[in-house]
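Q: One file: entry-v3.cif (mmCIF, C-alpha atoms).
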data_start
#
loop_
_atom_site.label_atom_id
_atom_site.label_comp_id
_atom_site.auth_asym_id
_atom_site.auth_seq_id
_atom_site.Cartn_x
_atom_site.Cartn_y
_atom_site.Cartn_z
CA MET Z 749 152.98 -29.47 -0.69
CA ASN Z 750 151.90 -31.47 -3.76
CA SER Z 751 148.34 -30.55 -4.73
CA THR Z 752 148.23 -32.74 -7.85
CA ARG Z 753 144.91 -34.56 -8.04
CA VAL Z 754 145.07 -38.37 -7.91
CA PHE Z 755 143.85 -40.31 -10.92
CA ASP Z 756 140.31 -41.60 -10.22
CA PRO Z 757 139.40 -44.76 -12.21
CA SER Z 758 135.84 -44.74 -10.88
CA MET Z 759 135.21 -41.52 -12.78
CA ILE Z 760 135.59 -43.44 -16.06
CA VAL Z 761 132.62 -45.64 -15.19
CA GLN Z 762 130.57 -42.75 -13.84
CA VAL Z 763 130.90 -40.59 -16.95
CA ILE Z 764 130.21 -43.25 -19.61
CA PRO Z 765 126.37 -42.99 -19.33
CA ASP Z 766 126.58 -39.22 -19.85
CA LEU Z 767 128.77 -39.74 -22.93
CA LEU Z 768 126.47 -42.42 -24.35
CA SER Z 769 123.52 -40.03 -24.16
CA TYR Z 770 125.15 -38.11 -27.04
CA LEU Z 771 126.35 -41.14 -28.98
CA ASP Z 772 123.37 -40.82 -31.33
CA VAL Z 773 124.75 -37.49 -32.60
CA THR Z 774 128.13 -39.07 -33.29
CA LEU Z 775 126.52 -41.97 -35.14
CA LEU Z 776 124.18 -39.69 -37.07
CA VAL Z 777 127.11 -37.70 -38.46
CA ALA Z 778 129.10 -40.85 -39.23
CA VAL Z 779 126.33 -42.90 -40.86
CA THR Z 780 124.98 -40.02 -42.95
CA SER Z 781 128.47 -39.11 -44.12
CA ILE Z 782 129.18 -42.74 -45.05
CA LEU Z 783 125.98 -43.07 -47.09
CA LEU Z 784 126.35 -39.78 -48.93
CA GLY Z 785 130.11 -40.23 -49.28
CA SER Z 786 129.66 -43.70 -50.79
CA LEU Z 787 127.29 -42.26 -53.38
CA LEU Z 788 129.79 -39.51 -54.17
CA GLY Z 789 132.57 -42.09 -54.32
CA MET Z 790 130.65 -44.17 -56.86
CA ILE Z 791 130.18 -41.11 -59.07
CA LEU Z 792 133.86 -40.23 -58.83
CA ALA Z 793 134.93 -43.82 -59.53
CA TRP Z 794 132.63 -43.90 -62.57
CA ALA Z 795 134.12 -40.64 -63.81
CA ARG Z 796 137.68 -41.89 -63.33
CA THR Z 797 137.09 -45.17 -65.14
CA GLY Z 798 135.05 -43.60 -67.93
CA ARG Z 799 136.23 -42.38 -71.30
CA HIS Z 800 135.17 -38.75 -70.91
CA ARG Z 801 138.43 -36.84 -70.52
CA VAL Z 802 136.94 -33.75 -68.87
CA LEU Z 803 135.05 -35.75 -66.23
CA ARG Z 804 138.14 -37.83 -65.56
CA TRP Z 805 140.24 -34.68 -65.14
CA ILE Z 806 137.69 -33.13 -62.75
CA ALA Z 807 137.47 -36.32 -60.67
CA ASN Z 808 141.26 -36.65 -60.46
CA GLY Z 809 141.61 -33.02 -59.43
CA TYR Z 810 138.92 -33.28 -56.76
CA ILE Z 811 140.40 -36.45 -55.28
CA TYR Z 812 143.89 -34.97 -55.25
CA ILE Z 813 142.72 -31.83 -53.43
CA MET Z 814 140.68 -33.74 -50.83
CA ARG Z 815 143.45 -36.24 -50.12
CA CYS Z 816 145.93 -33.41 -49.52
CA THR Z 817 143.63 -31.44 -47.22
CA PRO Z 818 143.64 -32.18 -43.45
CA SER Z 819 140.22 -33.05 -42.06
CA ILE Z 820 140.16 -30.26 -39.52
CA VAL Z 821 141.19 -27.66 -42.13
CA LEU Z 822 138.35 -28.69 -44.44
CA LEU Z 823 135.96 -28.67 -41.48
CA PHE Z 824 136.84 -25.05 -40.69
CA ILE Z 825 136.62 -24.06 -44.36
CA VAL Z 826 133.12 -25.54 -44.63
CA PHE Z 827 131.94 -24.16 -41.29
CA TYR Z 828 133.24 -20.61 -41.74
CA GLY Z 829 133.43 -20.32 -45.51
CA LEU Z 830 130.24 -21.99 -46.74
CA PRO Z 831 127.85 -19.55 -44.97
CA LYS Z 832 129.76 -16.57 -46.38
CA LEU Z 833 129.72 -18.08 -49.87
CA ILE Z 834 125.98 -18.79 -49.80
CA GLU Z 835 125.21 -15.39 -48.31
CA SER Z 836 127.22 -13.63 -51.02
CA MET Z 837 125.42 -15.55 -53.75
CA THR Z 838 121.85 -15.73 -52.43
CA ASP Z 839 121.62 -13.28 -49.48
CA TYR Z 840 120.55 -16.26 -47.36
CA ASP Z 841 122.08 -16.66 -43.92
CA ILE Z 842 122.79 -20.26 -42.87
CA ASN Z 843 124.86 -19.46 -39.79
CA ASP Z 844 122.03 -20.73 -37.58
CA THR Z 845 122.07 -24.14 -39.29
CA ASN Z 846 122.72 -27.09 -37.01
CA ARG Z 847 126.44 -27.70 -36.76
CA ALA Z 848 125.91 -31.37 -37.58
CA VAL Z 849 125.07 -30.32 -41.15
CA PHE Z 850 128.50 -28.73 -41.59
CA ALA Z 851 130.18 -31.82 -40.14
CA ILE Z 852 128.23 -34.10 -42.48
CA ILE Z 853 129.14 -31.98 -45.52
CA THR Z 854 132.82 -32.05 -44.55
CA PHE Z 855 133.10 -35.76 -43.93
CA THR Z 856 130.99 -36.59 -46.99
CA LEU Z 857 133.44 -34.69 -49.19
CA LEU Z 858 136.40 -36.45 -47.58
CA PHE Z 859 134.90 -39.93 -47.49
CA GLY Z 860 133.78 -39.68 -51.11
CA ALA Z 861 137.31 -38.91 -52.25
CA TYR Z 862 138.91 -41.72 -50.28
CA ILE Z 863 136.31 -44.38 -51.02
CA SER Z 864 136.26 -43.62 -54.75
CA GLU Z 865 139.79 -45.02 -54.95
CA VAL Z 866 138.64 -48.17 -53.18
CA PHE Z 867 135.73 -48.60 -55.61
CA ARG Z 868 137.89 -47.89 -58.65
CA ALA Z 869 140.63 -50.32 -57.65
CA ALA Z 870 138.12 -53.06 -56.83
CA TYR Z 871 136.28 -52.65 -60.14
CA GLN Z 872 139.48 -52.68 -62.16
CA ALA Z 873 140.70 -55.78 -60.33
CA VAL Z 874 137.86 -57.85 -61.84
CA PRO Z 875 138.87 -59.31 -65.23
CA LYS Z 876 137.14 -57.36 -67.99
CA GLY Z 877 136.72 -60.54 -70.02
CA GLN Z 878 133.88 -61.57 -67.73
CA TYR Z 879 131.95 -58.40 -68.53
CA GLU Z 880 132.49 -58.91 -72.25
CA ALA Z 881 131.42 -62.55 -72.01
CA ALA Z 882 128.27 -61.62 -70.09
CA VAL Z 883 127.31 -59.02 -72.69
CA SER Z 884 128.03 -61.44 -75.53
CA ILE Z 885 125.43 -63.93 -74.27
CA GLY Z 886 122.67 -61.34 -74.22
CA LEU Z 887 122.91 -59.55 -70.91
CA SER Z 888 122.53 -55.79 -70.98
CA PRO Z 889 125.53 -53.75 -69.78
CA PHE Z 890 123.69 -52.98 -66.54
CA GLN Z 891 122.82 -56.68 -65.97
CA ALA Z 892 126.41 -57.68 -66.68
CA PHE Z 893 127.65 -55.13 -64.18
CA ARG Z 894 125.10 -56.04 -61.49
CA GLN Z 895 125.20 -59.84 -61.81
CA VAL Z 896 128.84 -60.47 -62.76
CA MET Z 897 131.11 -57.53 -61.96
CA LEU Z 898 129.52 -56.04 -58.85
CA PRO Z 899 129.55 -59.19 -56.63
CA GLN Z 900 133.25 -59.75 -57.27
CA ALA Z 901 134.18 -56.08 -56.85
CA THR Z 902 132.25 -56.00 -53.56
CA VAL Z 903 134.33 -58.81 -52.07
CA ILE Z 904 137.53 -57.07 -53.14
CA ALA Z 905 136.49 -53.64 -51.85
CA LEU Z 906 134.96 -54.74 -48.55
CA PRO Z 907 138.12 -54.82 -46.35
CA ASN Z 908 139.28 -51.35 -47.43
CA PHE Z 909 135.72 -50.03 -47.20
CA GLY Z 910 135.54 -51.26 -43.60
CA ASN Z 911 138.84 -49.56 -42.76
CA SER Z 912 137.57 -46.31 -44.30
CA VAL Z 913 134.38 -46.49 -42.24
CA ILE Z 914 136.39 -46.92 -39.04
CA ASN Z 915 138.68 -44.02 -39.95
CA LEU Z 916 135.69 -41.78 -40.65
CA LEU Z 917 134.12 -42.70 -37.32
CA LYS Z 918 137.28 -41.64 -35.52
CA GLU Z 919 137.77 -38.48 -37.58
CA GLY Z 920 134.21 -37.52 -36.69
CA ALA Z 921 135.51 -36.71 -33.22
CA LEU Z 922 136.86 -33.47 -34.72
CA ALA Z 923 133.30 -32.16 -35.07
CA TYR Z 924 133.43 -30.81 -31.50
CA THR Z 925 135.88 -28.12 -32.71
CA ILE Z 926 133.00 -26.28 -34.44
CA GLY Z 927 130.76 -26.50 -31.37
CA LEU Z 928 128.86 -29.71 -32.15
CA ILE Z 929 127.79 -31.39 -28.93
CA ASP Z 930 128.39 -35.03 -29.72
CA MET Z 931 130.09 -37.57 -27.49
CA ILE Z 932 133.44 -35.77 -27.49
CA GLY Z 933 131.71 -32.42 -27.17
CA LYS Z 934 129.84 -33.68 -24.12
CA GLY Z 935 133.10 -34.91 -22.64
CA ASN Z 936 134.63 -31.45 -22.99
CA LEU Z 937 131.58 -29.90 -21.36
CA ILE Z 938 131.97 -32.23 -18.37
CA ILE Z 939 135.63 -31.28 -18.08
CA ALA Z 940 134.72 -27.59 -18.19
CA GLN Z 941 132.05 -28.07 -15.53
CA ASN Z 942 134.71 -29.61 -13.28
CA PHE Z 943 137.08 -26.68 -13.89
CA GLY Z 944 139.47 -28.75 -15.99
CA ALA Z 945 139.53 -31.74 -13.66
CA TYR Z 946 139.07 -35.39 -14.68
CA GLY Z 947 140.26 -34.73 -18.22
CA VAL Z 948 142.27 -37.94 -18.46
CA GLU Z 949 139.46 -40.06 -17.06
CA ILE Z 950 136.85 -38.60 -19.40
CA TYR Z 951 139.02 -38.98 -22.48
CA LEU Z 952 139.79 -42.55 -21.46
CA ALA Z 953 136.04 -43.17 -21.22
CA CYS Z 954 135.65 -41.78 -24.75
CA MET Z 955 138.46 -44.02 -25.93
CA ILE Z 956 136.74 -47.08 -24.47
CA VAL Z 957 133.47 -46.26 -26.25
CA TYR Z 958 135.29 -45.74 -29.56
CA TRP Z 959 137.26 -48.94 -29.01
CA ILE Z 960 134.04 -50.93 -28.54
CA MET Z 961 132.41 -49.37 -31.61
CA THR Z 962 135.39 -49.92 -33.90
CA THR Z 963 135.78 -53.50 -32.67
CA CYS Z 964 132.13 -54.25 -33.44
CA ILE Z 965 132.40 -52.63 -36.87
CA ALA Z 966 135.58 -54.55 -37.71
CA LYS Z 967 134.05 -57.86 -36.66
CA GLY Z 968 130.86 -57.06 -38.59
CA PHE Z 969 132.78 -56.40 -41.80
CA LEU Z 970 134.83 -59.55 -41.25
CA ARG Z 971 131.66 -61.62 -40.93
CA LEU Z 972 130.21 -60.03 -44.04
CA GLU Z 973 133.42 -60.64 -45.96
CA GLU Z 974 133.42 -64.31 -44.95
CA HIS Z 975 129.79 -64.59 -46.03
CA LEU Z 976 130.47 -63.06 -49.45
CA ASP Z 977 133.80 -64.81 -49.85
CA LYS Z 978 132.08 -67.99 -51.06
CA GLY Z 979 134.42 -70.35 -49.28
CA GLN Z 980 137.75 -68.83 -50.26
CA SER Z 981 139.00 -68.55 -46.68
CA LEU Z 982 138.01 -72.17 -46.07
CA ARG Z 983 139.94 -73.19 -49.16
CA ALA Z 984 143.06 -71.54 -47.74
CA LYS Z 985 142.76 -73.58 -44.52
CA ASN Z 986 141.60 -76.85 -46.03
CA PRO Z 987 142.06 -76.96 -49.84
CA ALA Z 988 140.42 -80.35 -50.35
CA ARG Z 989 137.34 -79.46 -48.30
CA ALA Z 990 136.92 -76.05 -49.86
CA LYS Z 991 137.27 -77.42 -53.37
CA ALA Z 992 134.46 -79.84 -52.67
CA ARG Z 993 132.27 -76.97 -51.49
CA MET Z 994 131.62 -73.75 -53.37
CA LEU Z 995 133.90 -72.28 -56.02
CA PRO Z 996 134.80 -68.58 -55.96
CA VAL Z 997 132.43 -66.16 -57.59
CA TRP Z 998 134.44 -65.68 -60.77
CA LYS Z 999 134.65 -69.47 -61.35
CA ASN Z 1000 130.87 -69.66 -61.14
CA VAL Z 1001 130.44 -67.22 -64.04
CA PRO Z 1002 130.40 -69.88 -66.84
CA SER Z 1003 127.69 -71.90 -65.07
CA LEU Z 1004 125.77 -68.68 -64.38
CA MET Z 1005 125.87 -67.77 -68.06
CA ARG Z 1006 124.69 -71.24 -69.12
CA ARG Z 1007 121.81 -71.01 -66.64
CA ILE Z 1008 120.82 -67.60 -68.01
CA GLN Z 1009 120.87 -68.98 -71.56
CA ARG Z 1010 118.60 -71.87 -70.59
CA GLN Z 1011 116.18 -69.48 -68.92
CA GLY Z 1012 116.13 -67.34 -72.05
#
Mind turning this structure into structure tokens?
A:
Amino acid sequence: MNSTRVFDPSMIVQVIPDLLSYLDVTLLVAVTSILLGSLLGMILAWARTGRHRVLRWIANGYIYIMRCTPSIVLLFIVFYGLPKLIESMTDYDINDTNRAVFAIITFTLLFGAYISEVFRAAYQAVPKGQYEAAVSIGLSPFQAFRQVMLPQATVIALPNFGNSVINLLKEGALAYTIGLIDMIGKGNLIIAQNFGAYGVEIYLACMIVYWIMTTCIAKGFLRLEEHLDKGQSLRAKNPARAKARMLPVWKNVPSLMRRIQRQG
């Protein structure tokens, strides 16, 4: 007699509301890690492109270690090792800290390492002559970076930044392995409550939620890229029409500089 349970598609629909009730935890970990990781990535990119040899060596070493470390290994090191390290140094016990904090620390460290390479490559892709020209007409180094270099580097970095955000969102599913009750954690609880049944259906429901989120994020970044692209994609489809519209950012630099001179 075959006692194998039949796949139940209706269970996918039934369990989605329960999973969505913990979606805020998943998004909290992801968004916080992205914000903090982006800040860390900027610092690392600055150190790598700077002239200070020691800072450049430290940044290169950190990035190399993080890129060679699996996400789940670093998550366990942070979760089990960080409390012991702090306790040995300060006699303060952080084992009762919310598990989301350990997940955020882990994914911040990882995201910062990966995104620093995106920032560095995008910044170095912008011709340095534009920065020198902006400074030569009276702009401060910070103004030259903010008004001339940053807009162009943003357009270049945006596609890879969007891919990194999506990857982090998916890697965040590993947080359930340290006991964090997020969307995946809730799914495992439901499976346990049903004595191991409906595992396929529940994981399919999780997959659908992640699929919708990643699709929305990808489309959002695509819209933002088209907005910042200043007509470049239109020029590829219709060169004559795009040429009559707006030039790319870097071709607007001379007119921007002349306008700044007139204002001065």
Q: Under the PyMOL selection byres ((chain Z and resi 828) around 12), which residues of this model are included? Write them out as a ChimeraX atom specification.
A: /Z:821-827,829-835,842-845,847,850-851,854,926
Q: Once the PyMOL selection byres ((chain Z and resi 898) around 12) is applied to the coordinates I shared, what remains selected? I want it as an mmCIF file with C-alpha atoms, keeping the file's coordinate frame.
A:
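Output (out_28.cif):
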data_model
loop_
_atom_site.group_PDB
_atom_site.id
_atom_site.type_symbol
_atom_site.label_atom_id
_atom_site.label_comp_id
_atom_site.auth_asym_id
_atom_site.auth_seq_id
_atom_site.Cartn_x
_atom_site.Cartn_y
_atom_site.Cartn_z
ATOM 1 C CA PHE Z 867 135.730 -48.600 -55.610
ATOM 2 C CA ARG Z 868 137.890 -47.890 -58.650
ATOM 3 C CA ALA Z 870 138.120 -53.060 -56.830
ATOM 4 C CA TYR Z 871 136.280 -52.650 -60.140
ATOM 5 C CA GLN Z 872 139.480 -52.680 -62.160
ATOM 6 C CA ALA Z 873 140.700 -55.780 -60.330
ATOM 7 C CA VAL Z 874 137.860 -57.850 -61.840
ATOM 8 C CA PRO Z 875 138.870 -59.310 -65.230
ATOM 9 C CA LYS Z 876 137.140 -57.360 -67.990
ATOM 10 C CA GLN Z 878 133.880 -61.570 -67.730
ATOM 11 C CA TYR Z 879 131.950 -58.400 -68.530
ATOM 12 C CA PRO Z 889 125.530 -53.750 -69.780
ATOM 13 C CA PHE Z 890 123.690 -52.980 -66.540
ATOM 14 C CA GLN Z 891 122.820 -56.680 -65.970
ATOM 15 C CA ALA Z 892 126.410 -57.680 -66.680
ATOM 16 C CA PHE Z 893 127.650 -55.130 -64.180
ATOM 17 C CA ARG Z 894 125.100 -56.040 -61.490
ATOM 18 C CA GLN Z 895 125.200 -59.840 -61.810
ATOM 19 C CA VAL Z 896 128.840 -60.470 -62.760
ATOM 20 C CA MET Z 897 131.110 -57.530 -61.960
ATOM 21 C CA PRO Z 899 129.550 -59.190 -56.630
ATOM 22 C CA GLN Z 900 133.250 -59.750 -57.270
ATOM 23 C CA ALA Z 901 134.180 -56.080 -56.850
ATOM 24 C CA THR Z 902 132.250 -56.000 -53.560
ATOM 25 C CA VAL Z 903 134.330 -58.810 -52.070
ATOM 26 C CA ILE Z 904 137.530 -57.070 -53.140
ATOM 27 C CA ALA Z 905 136.490 -53.640 -51.850
ATOM 28 C CA LEU Z 906 134.960 -54.740 -48.550
ATOM 29 C CA LEU Z 976 130.470 -63.060 -49.450
ATOM 30 C CA VAL Z 997 132.430 -66.160 -57.590
ATOM 31 C CA TRP Z 998 134.440 -65.680 -60.770
#
Q: Name the residues that the PyMOL selection byres ((chain Z and resi 863) around 8) picks from the file above, as number ranges by chain, using the file's chain letters and numbers.
A: Z: 785-786, 789, 859-862, 864-867, 909, 912
Q: Neighbouring residues of Z:Leu937 were defined as those with any atom within 12 Å, considering only C-alpha atoms; residues of the same chain fewer than 4 positions away were excluded. Please report them as an NGL selection string.
A: :Z and (763 or 766-767 or 770 or 924 or 927-933 or 941-947 or 950-951)
Q: To one decimal place, how far is atom CA of Z:Tyr810 from atom CA of Z:Leu783 in Å?
A: 18.9 Å
Q: Atom CA of Z:Met759 and atom CA of Z:Glu949 are how many Å apart?
A: 6.2 Å
Q: At what distance in Å, to one decimal, does atom CA of Z:Pro757 lie from atom CA of Z:Leu952?
A: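 For atom CA of Z:Leu952 relative to atom CA of Z:Pro757, the distance reads 9.5 Å.
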Q: Counting only C-alpha atoms, which residue out of Z:Ala869, Z:Leu972, Z:Ile811, Z:Ala848 sits closest to Z:Leu788?
A: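 Closest to Z:Leu788 of all the choices is Z:Ile811.
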Q: At a cut-off of 8 Å, using only C-alpha atoms, what residues contact Z:Thr774? Leave out same-chain residues fewer than 2 positions from it and give the result as a short mmCIF file (atom, residue, chain, number, x, y, z; two decimals) with C-alpha atoms, keeping the file's coordinate frame.
A:
data_model
loop_
_atom_site.label_atom_id
_atom_site.label_comp_id
_atom_site.auth_asym_id
_atom_site.auth_seq_id
_atom_site.Cartn_x
_atom_site.Cartn_y
_atom_site.Cartn_z
CA TYR Z 770 125.15 -38.11 -27.04
CA LEU Z 771 126.35 -41.14 -28.98
CA ASP Z 772 123.37 -40.82 -31.33
CA LEU Z 776 124.18 -39.69 -37.07
CA VAL Z 777 127.11 -37.70 -38.46
CA ALA Z 778 129.10 -40.85 -39.23
CA GLY Z 920 134.21 -37.52 -36.69
CA ALA Z 921 135.51 -36.71 -33.22
CA ASP Z 930 128.39 -35.03 -29.72
CA MET Z 931 130.09 -37.57 -27.49
#
Q: Given only C-alpha atoms as the basis, pick out the residue of Z:Ile760, Z:Ile914, Z:Ile820, Z:Ile885 nearest to Z:Val948.
A: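 The closest residue to Z:Val948 is Z:Ile760.
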Q: Go through Z:Ile806, Z:Ala793, Z:Ala923, Z:Ile764 and flag the residue nearest Z:Asn846, using all atoms listed in the file for the distances.
A: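 Smallest separation from Z:Asn846 among the options: Z:Ala923.
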Q: So which one's closest to Z:Gly935, Z:Asp756, Z:Ser769, Z:Ile852, Z:Met837? Using all atoms listed in the file, please.
A: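 Closest to Z:Gly935 of all the choices is Z:Ser769.
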Q: Which one is closest to Z:Ile965: Z:Leu803, Z:Leu858, Z:Leu916, Z:Ile791? Count all atoms listed in the file.
A: Z:Leu916
Q: Can you fill out stretch 867-882 of chain Z with N, CA and C atoms and hand it back as a CSV table (one decimal), in the frame of the given file?
A:
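The result, written out as rebuild.csv:
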chain,number,residue,atom,x,y,z
Z,867,PHE,N,136.7,-48.1,-54.6
Z,867,PHE,CA,135.7,-48.6,-55.6
Z,867,PHE,C,136.4,-48.8,-57.0
Z,868,ARG,N,137.2,-47.8,-57.3
Z,868,ARG,CA,137.9,-47.9,-58.6
Z,868,ARG,C,138.9,-49.1,-58.7
Z,869,ALA,N,139.7,-49.2,-57.7
Z,869,ALA,CA,140.6,-50.3,-57.6
Z,869,ALA,C,139.9,-51.7,-57.6
Z,870,ALA,N,138.8,-51.8,-56.9
Z,870,ALA,CA,138.1,-53.1,-56.8
Z,870,ALA,C,137.5,-53.4,-58.2
Z,871,TYR,N,136.9,-52.4,-58.8
Z,871,TYR,CA,136.3,-52.6,-60.1
Z,871,TYR,C,137.3,-53.0,-61.2
Z,872,GLN,N,138.5,-52.4,-61.2
Z,872,GLN,CA,139.5,-52.7,-62.2
Z,872,GLN,C,140.2,-54.0,-61.9
Z,873,ALA,N,140.1,-54.5,-60.6
Z,873,ALA,CA,140.7,-55.8,-60.3
Z,873,ALA,C,139.9,-57.0,-60.9
Z,874,VAL,N,138.7,-56.8,-61.2
Z,874,VAL,CA,137.9,-57.8,-61.8
Z,874,VAL,C,138.2,-58.0,-63.3
Z,875,PRO,N,138.5,-59.2,-63.8
Z,875,PRO,CA,138.9,-59.3,-65.2
Z,875,PRO,C,137.8,-58.8,-66.1
Z,876,LYS,N,138.1,-57.9,-67.1
Z,876,LYS,CA,137.1,-57.4,-68.0
Z,876,LYS,C,136.6,-58.4,-69.0
Z,877,GLY,N,137.3,-59.5,-69.1
Z,877,GLY,CA,136.7,-60.5,-70.0
Z,877,GLY,C,135.4,-61.1,-69.6
Z,878,GLN,N,135.1,-61.1,-68.3
Z,878,GLN,CA,133.9,-61.6,-67.7
Z,878,GLN,C,132.7,-60.6,-68.1
Z,879,TYR,N,133.0,-59.4,-68.1
Z,879,TYR,CA,132.0,-58.4,-68.5
Z,879,TYR,C,131.7,-58.6,-70.0
Z,880,GLU,N,132.7,-58.7,-70.8
Z,880,GLU,CA,132.5,-58.9,-72.2
Z,880,GLU,C,131.8,-60.2,-72.6
Z,881,ALA,N,132.1,-61.3,-71.8
Z,881,ALA,CA,131.4,-62.6,-72.0
Z,881,ALA,C,129.9,-62.5,-71.6
Z,882,ALA,N,129.7,-61.8,-70.5
Z,882,ALA,CA,128.3,-61.6,-70.1
Z,882,ALA,C,127.4,-60.9,-71.1
